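See below for work-v5.cif, which holds mmCIF, C-alpha atoms.
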data_work
loop_
_atom_site.group_PDB
_atom_site.id
_atom_site.type_symbol
_atom_site.label_atom_id
_atom_site.label_comp_id
_atom_site.auth_asym_id
_atom_site.auth_seq_id
_atom_site.Cartn_x
_atom_site.Cartn_y
_atom_site.Cartn_z
ATOM 1 C CA MET A 113 5.572 -25.629 9.751
ATOM 2 C CA PRO A 114 5.259 -27.476 6.415
ATOM 3 C CA ALA A 115 3.964 -25.906 3.212
ATOM 4 C CA ILE A 116 0.411 -24.997 4.186
ATOM 5 C CA ARG A 117 -1.672 -21.855 3.908
ATOM 6 C CA ILE A 118 -4.097 -20.730 6.616
ATOM 7 C CA HIS A 119 -7.191 -18.642 5.813
ATOM 8 C CA THR A 120 -9.360 -16.951 8.440
ATOM 9 C CA GLU A 121 -12.897 -15.605 8.345
ATOM 10 C CA ARG A 122 -11.406 -12.132 8.765
ATOM 11 C CA GLY A 123 -9.847 -12.518 5.317
ATOM 12 C CA GLU A 124 -6.284 -13.054 6.539
ATOM 13 C CA ALA A 125 -3.938 -15.582 4.947
ATOM 14 C CA TYR A 126 -0.696 -17.037 6.333
ATOM 15 C CA ASP A 127 1.774 -19.175 4.387
ATOM 16 C CA ARG A 128 3.846 -21.674 6.419
ATOM 17 C CA PRO A 129 2.704 -20.162 9.731
ATOM 18 C CA ALA A 130 4.777 -20.750 12.834
ATOM 19 C CA LEU A 131 3.263 -22.978 15.519
ATOM 20 C CA ALA A 132 2.721 -19.928 17.724
ATOM 21 C CA THR A 133 0.767 -18.202 14.947
ATOM 22 C CA LEU A 134 -1.402 -21.259 14.316
ATOM 23 C CA SER A 135 -2.093 -21.581 18.055
ATOM 24 C CA GLU A 136 -3.073 -17.914 18.265
ATOM 25 C CA LEU A 137 -5.418 -18.142 15.263
ATOM 26 C CA VAL A 138 -7.206 -21.251 16.516
ATOM 27 C CA GLY A 139 -7.328 -19.970 20.079
ATOM 28 C CA ARG A 140 -9.057 -16.721 19.179
ATOM 29 C CA ILE A 141 -11.879 -18.014 16.933
ATOM 30 C CA GLY A 142 -15.410 -18.102 18.244
ATOM 31 C CA ALA A 143 -16.719 -14.537 17.884
ATOM 32 C CA ASP A 144 -18.883 -12.997 15.171
ATOM 33 C CA GLY A 145 -16.828 -12.495 12.029
ATOM 34 C CA ASP A 146 -14.083 -14.787 13.295
ATOM 35 C CA HIS A 147 -15.524 -18.296 13.512
ATOM 36 C CA PHE A 148 -13.227 -20.430 11.377
ATOM 37 C CA VAL A 149 -9.781 -21.204 10.025
ATOM 38 C CA ILE A 150 -9.033 -23.245 6.904
ATOM 39 C CA ALA A 151 -5.717 -24.962 6.227
ATOM 40 C CA GLU A 152 -4.699 -26.232 2.798
ATOM 41 C CA PRO A 153 -1.448 -27.643 1.416
ATOM 42 C CA LEU A 154 0.377 -25.271 -0.912
ATOM 43 C CA THR A 155 1.361 -28.222 -3.080
ATOM 44 C CA ALA A 156 -2.027 -29.966 -3.479
ATOM 45 C CA ASP A 157 -5.447 -29.343 -4.963
ATOM 46 C CA PRO A 158 -7.152 -27.093 -2.354
ATOM 47 C CA ASP A 159 -10.585 -28.392 -3.371
ATOM 48 C CA GLY A 160 -9.557 -31.938 -2.521
ATOM 49 C CA HIS A 161 -7.175 -31.558 0.413
ATOM 50 C CA PHE A 162 -7.893 -29.252 3.328
ATOM 51 C CA MET A 163 -8.692 -29.074 7.030
ATOM 52 C CA GLN A 164 -11.136 -26.592 8.506
ATOM 53 C CA VAL A 165 -12.138 -25.656 12.036
ATOM 54 C CA TRP A 166 -15.369 -23.936 13.127
ATOM 55 C CA HIS A 167 -15.970 -22.704 16.659
ATOM 56 C CA ASP A 168 -18.627 -20.817 18.616
ATOM 57 C CA ARG A 169 -17.597 -19.678 22.078
ATOM 58 C CA GLY A 170 -18.862 -22.055 24.707
ATOM 59 C CA ALA A 171 -19.126 -24.970 22.248
ATOM 60 C CA ASP A 172 -16.774 -27.682 21.014
ATOM 61 C CA TYR A 173 -14.519 -27.178 18.009
ATOM 62 C CA GLN A 174 -15.876 -28.745 14.800
ATOM 63 C CA VAL A 175 -12.902 -30.076 12.806
ATOM 64 C CA GLU A 176 -13.205 -31.436 9.268
ATOM 65 C CA TYR A 177 -10.684 -32.679 6.741
ATOM 66 C CA ARG A 178 -10.950 -33.867 3.157
ATOM 67 C CA ASP A 179 -8.497 -36.312 1.650
ATOM 68 C CA GLY A 180 -8.953 -36.032 -2.100
ATOM 69 C CA SER A 181 -12.694 -36.471 -2.743
ATOM 70 C CA PRO A 182 -16.098 -35.965 -1.080
ATOM 71 C CA ASP A 183 -16.246 -39.606 0.012
ATOM 72 C CA ARG A 184 -13.045 -39.003 1.998
ATOM 73 C CA HIS A 185 -14.412 -36.134 4.077
ATOM 74 C CA PHE A 186 -14.367 -36.598 7.859
ATOM 75 C CA GLN A 187 -15.452 -34.703 10.957
ATOM 76 C CA VAL A 188 -14.789 -34.734 14.682
ATOM 77 C CA PHE A 189 -15.632 -32.476 17.638
ATOM 78 C CA LEU A 190 -12.811 -31.536 20.031
ATOM 79 C CA SER A 191 -13.116 -29.738 23.333
ATOM 80 C CA SER A 192 -10.036 -27.511 23.349
ATOM 81 C CA ALA A 193 -7.971 -25.342 21.023
ATOM 82 C CA ALA A 194 -4.821 -27.203 22.094
ATOM 83 C CA GLU A 195 -6.277 -30.504 20.851
ATOM 84 C CA VAL A 196 -7.220 -28.872 17.548
ATOM 85 C CA VAL A 197 -3.751 -27.407 17.023
ATOM 86 C CA ALA A 198 -2.105 -30.741 17.788
ATOM 87 C CA VAL A 199 -4.271 -32.495 15.176
ATOM 88 C CA MET A 200 -3.647 -29.765 12.599
ATOM 89 C CA VAL A 201 0.116 -29.962 13.071
ATOM 90 C CA ARG A 202 0.144 -33.750 12.686
ATOM 91 C CA TRP A 203 -2.031 -33.438 9.577
ATOM 92 C CA ALA A 204 0.173 -30.711 8.099
ATOM 93 C CA ARG A 205 3.319 -32.763 8.681
ATOM 94 C CA ARG A 206 1.636 -35.865 7.246
ATOM 95 C CA GLU A 207 2.772 -37.862 10.258
ATOM 96 C CA GLU A 208 2.058 -41.582 10.080
ATOM 97 C CA GLY A 209 -1.158 -42.301 11.952
ATOM 98 C CA TRP A 210 -1.836 -38.575 12.365
ATOM 99 C CA ASP A 211 -5.601 -39.170 12.529
ATOM 100 C CA ALA A 212 -5.414 -41.789 15.290
ATOM 101 C CA GLY A 213 -7.119 -40.880 18.548
ATOM 102 C CA PRO A 214 -10.078 -38.623 17.694
ATOM 103 C CA ALA A 215 -13.277 -40.427 16.712
ATOM 104 C CA TRP A 216 -13.511 -39.235 13.106
ATOM 105 C CA GLU A 217 -16.832 -39.755 11.333
ATOM 106 C CA ARG A 218 -17.212 -39.738 7.565
ATOM 107 C CA LEU A 219 -19.595 -37.097 6.223
ATOM 108 C CA ASP A 220 -21.931 -38.048 3.399
ATOM 109 C CA PHE A 221 -22.472 -35.554 0.580
ATOM 110 C CA PRO A 222 -24.997 -35.604 -2.267
ATOM 111 C CA PRO A 223 -23.733 -37.171 -5.481
ATOM 112 C CA ALA A 224 -21.710 -34.888 -7.715
ATOM 113 C CA PRO A 225 -23.685 -33.454 -10.648
ATOM 114 C CA ALA A 226 -21.906 -35.673 -13.166
ATOM 115 C CA ALA A 227 -22.874 -38.765 -11.188
ATOM 116 C CA ALA A 228 -26.484 -37.609 -11.244
ATOM 117 C CA GLY A 229 -26.398 -37.369 -15.032
ATOM 118 C CA VAL A 230 -25.798 -33.621 -15.241
ATOM 119 C CA PRO A 231 -23.230 -32.795 -17.946
ATOM 120 C CA ALA A 232 -20.157 -30.801 -17.020
ATOM 121 C CA LEU A 233 -20.114 -27.144 -17.961
ATOM 122 C CA ASP A 234 -18.625 -26.248 -21.300
ATOM 123 C CA PRO A 235 -15.139 -24.786 -20.567
ATOM 124 C CA SER A 236 -16.031 -21.500 -22.302
ATOM 125 C CA VAL A 237 -19.174 -21.186 -20.148
ATOM 126 C CA GLU A 238 -17.196 -21.881 -17.005
ATOM 127 C CA ARG A 239 -14.649 -19.236 -17.969
ATOM 128 C CA GLU A 240 -17.448 -16.730 -18.558
ATOM 129 C CA LEU A 241 -18.995 -17.532 -15.195
ATOM 130 C CA ALA A 242 -15.624 -17.316 -13.438
ATOM 131 C CA ASP A 243 -15.067 -13.856 -14.950
ATOM 132 C CA VAL A 244 -18.429 -12.723 -13.557
ATOM 133 C CA VAL A 245 -17.626 -14.032 -10.071
ATOM 134 C CA ARG A 246 -14.134 -12.514 -10.123
ATOM 135 C CA GLY A 247 -15.667 -9.160 -11.054
ATOM 136 C CA ARG A 248 -17.974 -9.261 -8.059
ATOM 137 C CA LEU A 249 -15.104 -10.382 -5.834
ATOM 138 C CA ARG A 250 -13.156 -7.298 -6.937
ATOM 139 C CA CYS A 251 -16.133 -5.169 -5.893
ATOM 140 C CA GLY A 252 -15.776 -6.791 -2.491
ATOM 141 C CA TYR A 253 -19.247 -6.445 -0.949
ATOM 142 C CA ASP A 254 -20.853 -9.849 -1.610
ATOM 143 C CA GLY A 255 -20.562 -12.825 0.741
ATOM 144 C CA ARG A 256 -20.164 -16.402 -0.451
ATOM 145 C CA ASP A 257 -23.897 -17.161 -0.370
ATOM 146 C CA GLU A 258 -24.711 -14.074 -2.437
ATOM 147 C CA LEU A 259 -22.005 -14.935 -4.954
ATOM 148 C CA ALA A 260 -23.160 -18.544 -5.249
ATOM 149 C CA GLU A 261 -26.735 -17.407 -5.831
ATOM 150 C CA ALA A 262 -25.587 -14.930 -8.476
ATOM 151 C CA ALA A 263 -23.472 -17.583 -10.215
ATOM 152 C CA GLU A 264 -26.369 -20.044 -10.188
ATOM 153 C CA ASP A 265 -28.774 -17.483 -11.663
ATOM 154 C CA TYR A 266 -26.433 -15.870 -14.198
ATOM 155 C CA LEU A 267 -27.036 -18.296 -17.078
ATOM 156 C CA VAL A 268 -30.700 -19.103 -16.386
ATOM 157 C CA ASP A 269 -32.665 -19.063 -19.641
ATOM 158 C CA GLY A 270 -36.348 -19.869 -19.860
ATOM 159 C CA GLY A 271 -36.342 -21.662 -16.534
ATOM 160 C CA VAL A 272 -33.368 -23.870 -17.507
ATOM 161 C CA ARG A 273 -30.549 -23.749 -14.964
ATOM 162 C CA PRO A 274 -27.283 -24.979 -16.497
ATOM 163 C CA VAL A 275 -25.420 -24.342 -13.223
ATOM 164 C CA SER A 276 -26.539 -26.101 -10.060
ATOM 165 C CA ARG A 277 -26.245 -24.368 -6.671
ATOM 166 C CA ARG A 278 -23.671 -26.957 -5.606
ATOM 167 C CA ARG A 279 -21.506 -26.356 -8.669
ATOM 168 C CA ALA A 280 -21.876 -22.587 -8.281
ATOM 169 C CA ALA A 281 -20.862 -22.771 -4.607
ATOM 170 C CA ARG A 282 -17.822 -24.888 -5.462
ATOM 171 C CA LEU A 283 -16.707 -22.373 -8.095
ATOM 172 C CA VAL A 284 -17.238 -19.477 -5.676
ATOM 173 C CA ASP A 285 -15.248 -21.239 -2.940
ATOM 174 C CA ARG A 286 -12.314 -21.767 -5.303
ATOM 175 C CA LEU A 287 -12.312 -18.176 -6.553
ATOM 176 C CA TRP A 288 -12.859 -16.825 -3.022
ATOM 177 C CA ARG A 289 -9.718 -18.631 -1.841
ATOM 178 C CA GLU A 290 -7.884 -17.290 -4.888
ATOM 179 C CA ARG A 291 -8.839 -13.732 -3.952
ATOM 180 C CA VAL A 292 -8.017 -14.235 -0.257
ATOM 181 C CA ALA A 293 -4.579 -15.545 -1.243
ATOM 182 C CA GLU A 294 -4.076 -12.468 -3.428
ATOM 183 C CA GLN A 295 -5.070 -10.043 -0.685
ATOM 184 C CA ALA A 296 -2.622 -11.673 1.719
ATOM 185 C CA GLY A 297 0.047 -9.680 -0.103
ATOM 186 C CA TRP A 298 -1.682 -6.338 0.473
ATOM 187 C CA THR A 299 -0.112 -4.147 3.119
ATOM 188 C CA GLY A 300 -1.259 -0.994 4.838
ATOM 189 C CA THR A 301 -4.571 0.821 4.477
ATOM 190 C CA THR A 302 -6.347 0.301 1.160
ATOM 191 C CA ASP A 303 -8.353 2.919 -0.716
ATOM 192 C CA PRO A 304 -11.723 1.240 0.036
ATOM 193 C CA GLU A 305 -10.802 1.370 3.720
ATOM 194 C CA ARG A 306 -10.085 5.088 3.369
ATOM 195 C CA VAL A 307 -13.521 5.573 1.806
ATOM 196 C CA THR A 308 -15.096 3.647 4.702
ATOM 197 C CA ARG A 309 -13.288 5.804 7.261
ATOM 198 C CA ALA A 310 -14.389 9.005 5.527
ATOM 199 C CA PHE A 311 -17.979 7.764 5.414
ATOM 200 C CA ALA A 312 -17.850 6.975 9.145
ATOM 201 C CA VAL A 313 -16.765 10.567 9.845
ATOM 202 C CA LEU A 314 -19.592 11.902 7.684
ATOM 203 C CA GLU A 315 -22.140 9.635 9.368
ATOM 204 C CA ALA A 316 -21.063 10.921 12.777
ATOM 205 C CA SER A 317 -21.437 14.515 11.580
ATOM 206 C CA GLY A 318 -25.056 14.094 10.500
ATOM 207 C CA ILE A 319 -24.641 13.045 6.871
ATOM 208 C CA THR A 320 -26.102 9.626 6.037
ATOM 209 C CA ALA A 321 -23.297 7.768 4.227
ATOM 210 C CA ARG A 322 -23.775 4.399 2.511
ATOM 211 C CA GLU A 323 -21.472 2.221 0.411
ATOM 212 C CA ASN A 324 -22.664 0.008 -2.448
ATOM 213 C CA PHE A 325 -26.202 1.193 -1.721
ATOM 214 C CA THR A 326 -28.978 -0.169 -3.964
ATOM 215 C CA CYS A 327 -28.567 -1.047 -7.628
ATOM 216 C CA CYS A 328 -28.584 2.367 -9.279
ATOM 217 C CA ARG A 329 -28.873 6.144 -8.873
ATOM 218 C CA GLY A 330 -32.670 6.247 -9.045
ATOM 219 C CA CYS A 331 -33.210 3.547 -6.446
ATOM 220 C CA GLY A 332 -30.586 5.079 -4.186
ATOM 221 C CA LEU A 333 -32.142 8.541 -4.275
ATOM 222 C CA GLY A 334 -35.543 6.985 -3.622
ATOM 223 C CA GLU A 335 -34.408 4.983 -0.588
ATOM 224 C CA ILE A 336 -31.652 6.988 1.089
ATOM 225 C CA GLY A 337 -34.122 9.104 3.080
ATOM 226 C CA ALA A 338 -35.208 6.095 5.122
ATOM 227 C CA GLU A 339 -31.624 5.137 5.976
ATOM 228 C CA GLY A 340 -30.343 7.830 8.260
ATOM 229 C CA ALA A 341 -31.109 9.317 11.633
ATOM 230 C CA GLU A 342 -34.091 11.641 11.948
ATOM 231 C CA ASP A 343 -31.833 14.660 12.419
ATOM 232 C CA ALA A 344 -29.555 13.870 9.444
ATOM 233 C CA ARG A 345 -28.878 16.987 7.343
ATOM 234 C CA GLY A 346 -27.960 15.240 4.120
ATOM 235 C CA PHE A 347 -26.606 12.128 2.459
ATOM 236 C CA VAL A 348 -23.879 10.634 0.302
ATOM 237 C CA PHE A 349 -23.784 7.203 -1.318
ATOM 238 C CA PHE A 350 -22.485 5.177 -4.212
ATOM 239 C CA HIS A 351 -24.574 2.430 -5.785
ATOM 240 C CA ALA A 352 -23.681 -1.042 -7.067
ATOM 241 C CA GLN A 353 -23.137 0.155 -10.636
ATOM 242 C CA ALA A 354 -20.650 2.724 -9.335
ATOM 243 C CA THR A 355 -18.893 -0.018 -7.376
ATOM 244 C CA GLU A 356 -18.545 -2.090 -10.530
ATOM 245 C CA GLY A 357 -17.091 0.913 -12.325
ATOM 246 C CA VAL A 358 -14.424 1.661 -9.731
ATOM 247 C CA ALA A 359 -13.551 -2.043 -9.367
ATOM 248 C CA ALA A 360 -12.956 -2.099 -13.127
ATOM 249 C CA GLY A 361 -10.480 0.763 -12.841
ATOM 250 C CA GLY A 362 -12.697 3.844 -13.211
ATOM 251 C CA ASP A 363 -13.529 6.718 -10.903
ATOM 252 C CA LEU A 364 -15.936 6.341 -7.989
ATOM 253 C CA TYR A 365 -19.062 8.448 -8.542
ATOM 254 C CA LEU A 366 -20.831 9.718 -5.415
ATOM 255 C CA MET A 367 -24.413 10.900 -5.144
ATOM 256 C CA TYR A 368 -24.996 13.494 -2.403
ATOM 257 C CA GLY A 369 -27.451 16.145 -1.304
ATOM 258 C CA GLY A 370 -29.469 17.649 1.511
ATOM 259 C CA PHE A 371 -32.693 16.267 2.887
ATOM 260 C CA GLU A 372 -34.349 19.626 2.192
ATOM 261 C CA ALA A 373 -34.898 21.136 -1.262
ATOM 262 C CA ASP A 374 -32.171 23.732 -0.887
ATOM 263 C CA GLU A 375 -29.280 23.989 -3.367
ATOM 264 C CA SER A 376 -27.084 25.772 -0.843
ATOM 265 C CA LEU A 377 -27.532 22.838 1.558
ATOM 266 C CA THR A 378 -26.608 20.390 -1.212
ATOM 267 C CA VAL A 379 -23.443 22.364 -1.960
ATOM 268 C CA SER A 380 -22.594 22.464 1.742
ATOM 269 C CA VAL A 381 -22.982 18.679 1.998
ATOM 270 C CA GLY A 382 -20.825 18.259 -1.095
ATOM 271 C CA ARG A 383 -18.054 20.326 0.461
ATOM 272 C CA GLU A 384 -18.158 18.248 3.647
ATOM 273 C CA VAL A 385 -17.994 15.031 1.619
ATOM 274 C CA VAL A 386 -14.963 16.245 -0.334
ATOM 275 C CA ALA A 387 -13.242 17.449 2.844
ATOM 276 C CA ALA A 388 -13.742 14.088 4.599
ATOM 277 C CA LEU A 389 -12.381 12.146 1.629
ATOM 278 C CA GLU A 390 -9.403 14.436 1.145
ATOM 279 C CA ALA A 391 -8.595 14.162 4.860
ATOM 280 C CA GLU A 392 -8.072 10.438 4.183
ATOM 281 C CA GLY A 393 -5.631 11.215 1.370
ATOM 282 C CA LEU A 394 -8.088 10.615 -1.475
ATOM 283 C CA VAL A 395 -8.389 12.842 -4.549
ATOM 284 C CA CYS A 396 -11.767 14.312 -5.543
ATOM 285 C CA ALA A 397 -12.938 15.979 -8.723
ATOM 286 C CA TRP A 398 -15.907 18.309 -8.214
ATOM 287 C CA GLY A 399 -16.635 21.754 -9.587
ATOM 288 C CA GLY A 400 -18.940 22.801 -6.758
ATOM 289 C CA SER A 401 -22.204 22.534 -8.675
ATOM 290 C CA PRO A 402 -25.117 20.828 -6.874
ATOM 291 C CA ARG A 403 -25.970 19.084 -10.160
ATOM 292 C CA GLU A 404 -22.506 17.537 -10.572
ATOM 293 C CA ALA A 405 -21.526 14.181 -9.077
ATOM 294 C CA ILE A 406 -18.426 14.023 -6.915
ATOM 295 C CA ARG A 407 -15.772 11.796 -8.459
ATOM 296 C CA VAL A 408 -13.083 10.114 -6.383
ATOM 297 C CA THR A 409 -10.206 9.584 -8.785
ATOM 298 C CA GLY A 410 -7.064 7.462 -8.988
ATOM 299 C CA LEU A 411 -8.356 4.718 -6.695
ATOM 300 C CA ASP A 412 -6.695 1.340 -6.382
ATOM 301 C CA TRP A 413 -9.797 -0.661 -5.483
ATOM 302 C CA ARG A 414 -8.483 -3.472 -3.277
ATOM 303 C CA LYS A 415 -11.386 -4.218 -0.961
ATOM 304 C CA ARG A 416 -10.602 -6.994 1.493
ATOM 305 C CA LEU A 417 -13.051 -9.901 1.653
ATOM 306 C CA THR A 418 -14.544 -10.868 4.990
ATOM 307 C CA GLY A 419 -16.727 -13.805 5.959
#
Here is a file; write its structure as structure tokens.
Amino acid sequence: MPAIRIHTERGEAYDRPALATLSELVGRIGADGDHFVIAEPLTADPDGHFMQVWHDRGADYQVEYRDGSPDRHFQVFLSSAAEVVAVMVRWARREEGWDAGPAWERLDFPPAPAAAGVPALDPSVERELADVVRGRLRCGYDGRDELAEAAEDYLVDGGVRPVSRRRAARLVDRLWRERVAEQAGWTGTTDPERVTRAFAVLEASGITARENFTCCRGCGLGEIGAEGAEDARGFVFFHAQATEGVAAGGDLYLMYGGFEADESLTVSVGREVVAALEAEGLVCAWGGSPREAIRVTGLDWRKRLTG
């Protein structure tokens, strides 16, 4: 296969995939969390040159490709995965007349902001905005729509929006692909996945466990009671500010406690939380006091993006 990279909704990335791999990836899409694949040349601008396929089970495959600019963006619907793979291979190899056969239709997009008289972002502003988006990508819990909304709103001042939703979405798409390409090199189980597995064990044992829950400690403590099962004994969570801290290289601070005003119950929940995390190979710092947060230390926060 020529120099292309394949991205999936699951967050996987494949460079120069074999034909069998491409066939498998296209053939499996259609379920929740696994609807699309995107192919882009490794040697070209990924914003201007790509092919993408979307599929819901029981429906046709929606295939789109862009050839350099929005006015060269085309779409076709194909009935089988085999047809899609054949088109993708011809496109990837840049075969002469590769697009002959399917009835491609050009898609019309709104004018770019510059064409509508909107000035381009100052490079320093764009760098600042990109740093904000990259920070949230490192946290790993936001989807593309949430990131685009955050990027659009970040620089709002007095009702003036210097960043349009379209420009924000374009920036997010570029940085999302950058992060997906980076995570393609990750192997094995990551520390965030270990935290998730420990929380699943705690949830099954009667302790309500939530990741990236609410914005801060106060909101989390106020809302965690409505989250769990009626017979839950206690809770553990970390909030968005804690996520930002661990993604920036710090420790992960966990809030925990019992659902009854009993310090011995809080200590018991704390011990269970530490035991579940340590069973996953994570390191905890906690002195056993019910008034002390549990810290998970030494984490390499590589949370895989999905969606």
Exercise. Can you list what the PyMOL selection byres ((chain A and resi 306) around 12) grabs from this structure, as a ChimeraX atom specification?
Worked result: /A:300-305,307-313,388-395,408,411-415
For this session: Determine, counting all atoms listed in the file, which protein, DNA and RNA residues have an atom within 12 Å of an atom of Ala405 in chain A; residues of the same chain fewer than 6 positions away are not included. Present the result as an NGL selection string.
Result: :A and (329 or 348-350 or 354 or 363-369 or 378-379 or 382-383 or 385-386 or 396-399)
Problem set entry | the PyMOL selection byres ((chain A and resi 187) around 6) resolved against shown file, as JSON, numbers by chain | {"A": [175, 176, 186, 188, 216, 217]}
Exercise. Using all atoms listed in the file, which residue out of A:Val138, A:Ala360, A:Val196, A:Ala352 lies closest to Cys328 in chain A?
Worked result: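 Among A:Val138, A:Ala360, A:Val196, A:Ala352, it is A:Ala352 that comes nearest to Cys328 in chain A.
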Exercise. How many Å separate CA of Ser191 in chain A from CA of Asp172 in chain A?
Worked result: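 If I compute the distance from CA of Ser191 in chain A to CA of Asp172 in chain A, I get 4.8 Å.
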Problem set entry | Spatial neighbours of Asp257 in chain A, 10 Å, only C-alpha atoms, chain gap at least 6 places, as a PyMOL selection string | chain A and resi 263+277+280-281+284-285
Residues proximal to (-26.8, 10.9, 1.8) were defined as those with any atom within 12 Å of that point in the file's coordinates, counting all atoms listed in the file. Which are they, as a short mmCIF file (atom, residue, chain, number, x, y, z; two decimals) with C-alpha atoms, in the coordinates of the input?
data_model
loop_
_atom_site.label_atom_id
_atom_site.label_comp_id
_atom_site.auth_asym_id
_atom_site.auth_seq_id
_atom_site.Cartn_x
_atom_site.Cartn_y
_atom_site.Cartn_z
CA PHE A 311 -17.98 7.76 5.41
CA LEU A 314 -19.59 11.90 7.68
CA GLU A 315 -22.14 9.64 9.37
CA SER A 317 -21.44 14.52 11.58
CA GLY A 318 -25.06 14.09 10.50
CA ILE A 319 -24.64 13.04 6.87
CA THR A 320 -26.10 9.63 6.04
CA ALA A 321 -23.30 7.77 4.23
CA ARG A 322 -23.78 4.40 2.51
CA GLU A 323 -21.47 2.22 0.41
CA PHE A 325 -26.20 1.19 -1.72
CA ARG A 329 -28.87 6.14 -8.87
CA GLY A 332 -30.59 5.08 -4.19
CA LEU A 333 -32.14 8.54 -4.28
CA GLY A 334 -35.54 6.98 -3.62
CA GLU A 335 -34.41 4.98 -0.59
CA ILE A 336 -31.65 6.99 1.09
CA GLY A 337 -34.12 9.10 3.08
CA ALA A 338 -35.21 6.10 5.12
CA GLU A 339 -31.62 5.14 5.98
CA GLY A 340 -30.34 7.83 8.26
CA ALA A 341 -31.11 9.32 11.63
CA ALA A 344 -29.56 13.87 9.44
CA ARG A 345 -28.88 16.99 7.34
CA GLY A 346 -27.96 15.24 4.12
CA PHE A 347 -26.61 12.13 2.46
CA VAL A 348 -23.88 10.63 0.30
CA PHE A 349 -23.78 7.20 -1.32
CA PHE A 350 -22.48 5.18 -4.21
CA HIS A 351 -24.57 2.43 -5.78
CA LEU A 366 -20.83 9.72 -5.42
CA MET A 367 -24.41 10.90 -5.14
CA TYR A 368 -25.00 13.49 -2.40
CA GLY A 369 -27.45 16.14 -1.30
CA GLY A 370 -29.47 17.65 1.51
CA PHE A 371 -32.69 16.27 2.89
CA GLU A 372 -34.35 19.63 2.19
CA LEU A 377 -27.53 22.84 1.56
CA THR A 378 -26.61 20.39 -1.21
CA VAL A 381 -22.98 18.68 2.00
CA GLY A 382 -20.82 18.26 -1.10
CA GLU A 384 -18.16 18.25 3.65
CA VAL A 385 -17.99 15.03 1.62
#
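A straight line drawn from CA of Gly139 in chain A to CA of Arg205 in chain A is 20.2 Å long.
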